[in-house]
Amino acid sequence: MAAPAVGCLDDLDEQTAALALQLQLEDVDALLQLSQENPHESEVSDADVALQLYKQELEDSIRRISDRSTARLTEGGPTAAHDEGNPRLDAILAPELAEQEIAEPRETREDQSLPGDARTEPSLSPTDPEANEENTASEVSAPHHCVVCQEGKEAIHVAPCQHEYCFECLEELFRTSMTDESLFPPRCCRQPIPLDTVAAFLPAHLVATFETKNVEFGTVNRTYCSSPACSAFIHAQAIDGDVATCQACSTATCIICKAAAHSGDCPNDEALQQLLETATTAGWQRCQSCRRFVELNHGCNHITCICSAQFCYLCGAPWKTCACPQWNEERLLARANQIVARNAAVGGIGAAVAAMAQDLLEGHECDHDGWRRVTGEHDCEECFQTLRRYIYECRQCHLRVCHRCRDNRI
C-alpha cells in the first residue's frame with residue numbers, strides 16, 4: 001500500500017482534500033475487510049495494525065477539515081466550496097457549509113467547436129495570444145471541464161501544463177501508461193505528471209504497480225524471464241554475471257541472448273538470426289537501449305524509440321553522433337507527395353511536391369508547438385487509430401495525430 005499522502009493535500013481546497021481522503025479511507029476499509037475474510041489469517045498481522053493506524057489518521061484528518069469549515073462558518077469567514085447536491089461530500093464535510101462557485105484556473109487550449117475550414121482555423125498553440133485572451137475572459141465563469149472526457153466535474157486535477165483532468169481520466173492515463181510504454185511517464189503537453197502530486201487520488205494498488213513499472217521502464221537493456229509462461233521483468237539485483245534469475249519462477253536467463261541460461265559462449269539463436277536477416281533485408285534498425293526493432297515509414301532518419309532512446313535509423317548510433325544524412329531522398333519525396341495529395345484542389349502538383357520536400361528538409365526537427373484541427377475521418381500517424389470527426393495536424397511538419405498522441409505521447 002502507498003505511504004500516507006495526507007501531507008500532500010495542504011495546497012488543495014477543503015472539498016477536494018476531503019474527497020481524496022475519503023477515497024483513501026474506502027481503499028483501507030476494503031483491504032481490512034479482505035484481510036478479515038482470509039481463512040488463513042488467524043492472528044492480527046503487522047500489516048493489519050498499520051492499516052488500522054492509517055485509517056485512524058485519515059478519519060482524524062477528515063474530522064479536522066470538517067471542524068475548520070464549521071468554525072469559519074460560525075465566525076462569518078469564508079467557507080470551502082461545496083455542492084449540496086453531492087451526498088458523498090455531504091457525508092464528509094459539515095452539512096451547514098455555504099455553497100460557493102468553484103472558479104476554473106484556466107480554460108483548456110482546445111477549441112470545443114469544430115471549424116468549417118481547417119486551413120483558416122487559428123493556431124491551437126498553448127502560447128497563442130488570442131487563446132490566452134479567451135482563457136482570461138472565461139476564468140471566472142467557466143465550470144471545471146476535463147480535457148479528455150469534456151465533462152464538468154467537481155473534483156479535478158490540474159496538470160503542470162494547466163490542463164484539467166477528472167480523477168477517472170487521470171487514473172486511466174496512469175493505467176494505460178503501464179501497458180503502452182510510449183505513454184510512459186504519464187504526461188500532458190510533454191510535461192510529466194509527477195506521481196507524488198496525484199497519488200492521493202489513485203487506488204493504492206495502482207500506485208504500487210506504477211512504482212514497479214517505473215523501475216522496469218527506467219532500466220536500459222532489460223532482461224525478461226525466458227520462460228514463455230512467465231516473461232516477468234528481472235531486476236538488476238537478480239543478475240549475477242551474464243545470468244539473471246527470475247524472482248517469480250526462478251528460471252535462469254542469459255542477459256546477452258535473452259534465452260535460457262547456458263554454459264560457455266552464447267550459442268547462436270536460430271530464431272534471432274532469422275529475425276536479424278529479415279531486419280537487414282528490410283532495412284530495419286535495432287534500438288541499442290531496449291533492443292527493439294523499428295521500421296521507418298516516413299520522416300527523417302531521426303528515430304525516437306518508445307523507450308525514449310534517440311538514434312540514427314541508418315547506422316543505429318545515438319542521434320547526432322554520426323555523419324549519416326538526415327533524410328533518405330525517396331522517403332522525403334514519398335512523404336511530400338503524401339502531404340500534397342491530402343488537398344486534391346492544389347494545382348501544379350510537381351511544384352507543390354518540390355516545395356513541400358524542401359519545407360520538410362528544413363523543418364524536420366519539429367517541436368510540434370502549433371496545431372490545427374482538420375475535420376473529417378482520418379488515421380492517426382502515430383497510433384494508427386481512426387478518428388471519425390477530426391484530427392490534429394502540426395503546422396510545421398504536417399504530422400497528423402489523435403488527441404492522446406498530441407498531448408500524451410509526442
# chains A, B, ... in the order shown; residues from 1 in each chain; ligands from 1

call {"tool": "select_by_dssp", "arguments": {"residues": "range 232-361 of chain A", "states": "helix (DSSP H, G or I)", "output": "PyMOL selection string"}}
result
chain A and resi 236-238+270-282+329-341+349-361

call {"tool": "residues_around", "arguments": {"residues": "range 300-311 of chain A", "least_positions_apart": "3", "cutoff": "6 Å", "atoms": "only C-alpha atoms", "output": "ChimeraX atom specification"}}
result
/A:182,316-319,326-327

call {"tool": "write_last_selection", "arguments": {"atoms": "N, CA and C atoms", "output": "PDB file, in the first residue's frame"}}
result
ATOM      1  N   SER A 182       5.084   3.976 -24.725  1.00  0.00           N
ATOM      2  CA  SER A 182       5.205   5.276 -25.380  1.00  0.00           C
ATOM      3  C   SER A 182       4.426   6.358 -24.635  1.00  0.00           C
ATOM      4  N   GLY A 316      22.250   3.259 -36.454  1.00  0.00           N
ATOM      5  CA  GLY A 316      21.918   2.870 -35.087  1.00  0.00           C
ATOM      6  C   GLY A 316      22.667   3.632 -34.020  1.00  0.00           C
ATOM      7  N   ALA A 317      23.551   4.542 -34.406  1.00  0.00           N
ATOM      8  CA  ALA A 317      24.314   5.314 -33.414  1.00  0.00           C
ATOM      9  C   ALA A 317      23.423   6.346 -32.745  1.00  0.00           C
ATOM     10  N   PRO A 318      23.773   6.763 -31.516  1.00  0.00           N
ATOM     11  CA  PRO A 318      22.993   7.829 -30.859  1.00  0.00           C
ATOM     12  C   PRO A 318      22.864   9.028 -31.789  1.00  0.00           C
ATOM     13  N   TRP A 319      21.703   9.689 -31.740  1.00  0.00           N
ATOM     14  CA  TRP A 319      21.394  10.760 -32.681  1.00  0.00           C
ATOM     15  C   TRP A 319      22.420  11.885 -32.603  1.00  0.00           C
ATOM     16  N   GLN A 326      20.471  13.136 -42.927  1.00  0.00           N
ATOM     17  CA  GLN A 326      19.284  13.170 -42.078  1.00  0.00           C
ATOM     18  C   GLN A 326      18.036  12.708 -42.810  1.00  0.00           C
ATOM     19  N   TRP A 327      18.063  12.679 -44.138  1.00  0.00           N
ATOM     20  CA  TRP A 327      16.897  12.262 -44.919  1.00  0.00           C
ATOM     21  C   TRP A 327      17.297  11.251 -45.983  1.00  0.00           C
TER      22      TRP A 327
END

call {"tool": "residues_around", "arguments": {"residues": "Glu164 in chain A", "least_positions_apart": "4", "cutoff": "6 Å", "atoms": "only C-alpha atoms", "output": "list in words"}}
result
Cys146, Val147, His157 and Val158 of chain A

call {"tool": "write_last_selection", "arguments": {"atoms": "C-alpha atoms", "output": "tab-separated table (two decimals), in the first residue's frame"}}
result
chain	number	residue	atom	x	y	z
A	146	CYS	CA	-11.86	17.54	-18.03
A	147	VAL	CA	-9.64	17.89	-21.11
A	157	HIS	CA	-6.60	17.66	-11.01
A	158	VAL	CA	-4.63	20.40	-12.78

call {"tool": "residues_around", "arguments": {"residues": "Leu173 in chain A", "least_positions_apart": "2", "cutoff": "10 Å", "atoms": "only C-alpha atoms", "output": "number ranges by chain"}}
result
A: 148, 165, 167-171, 175-178, 183-188, 404, 408

call {"tool": "closest_residue", "arguments": {"among": "A:Gln24, A:Ser66, A:Thr253, A:Gln56", "to": "Ile239 in chain A", "atoms": "only C-alpha atoms"}}
result
A:Thr253

call {"tool": "residues_around", "arguments": {"residues": "Thr219 in chain A", "least_positions_apart": "2", "cutoff": "10 Å", "atoms": "only C-alpha atoms", "output": "number ranges by chain"}}
result
A: 213-217, 221-223, 235-236, 289-290, 307
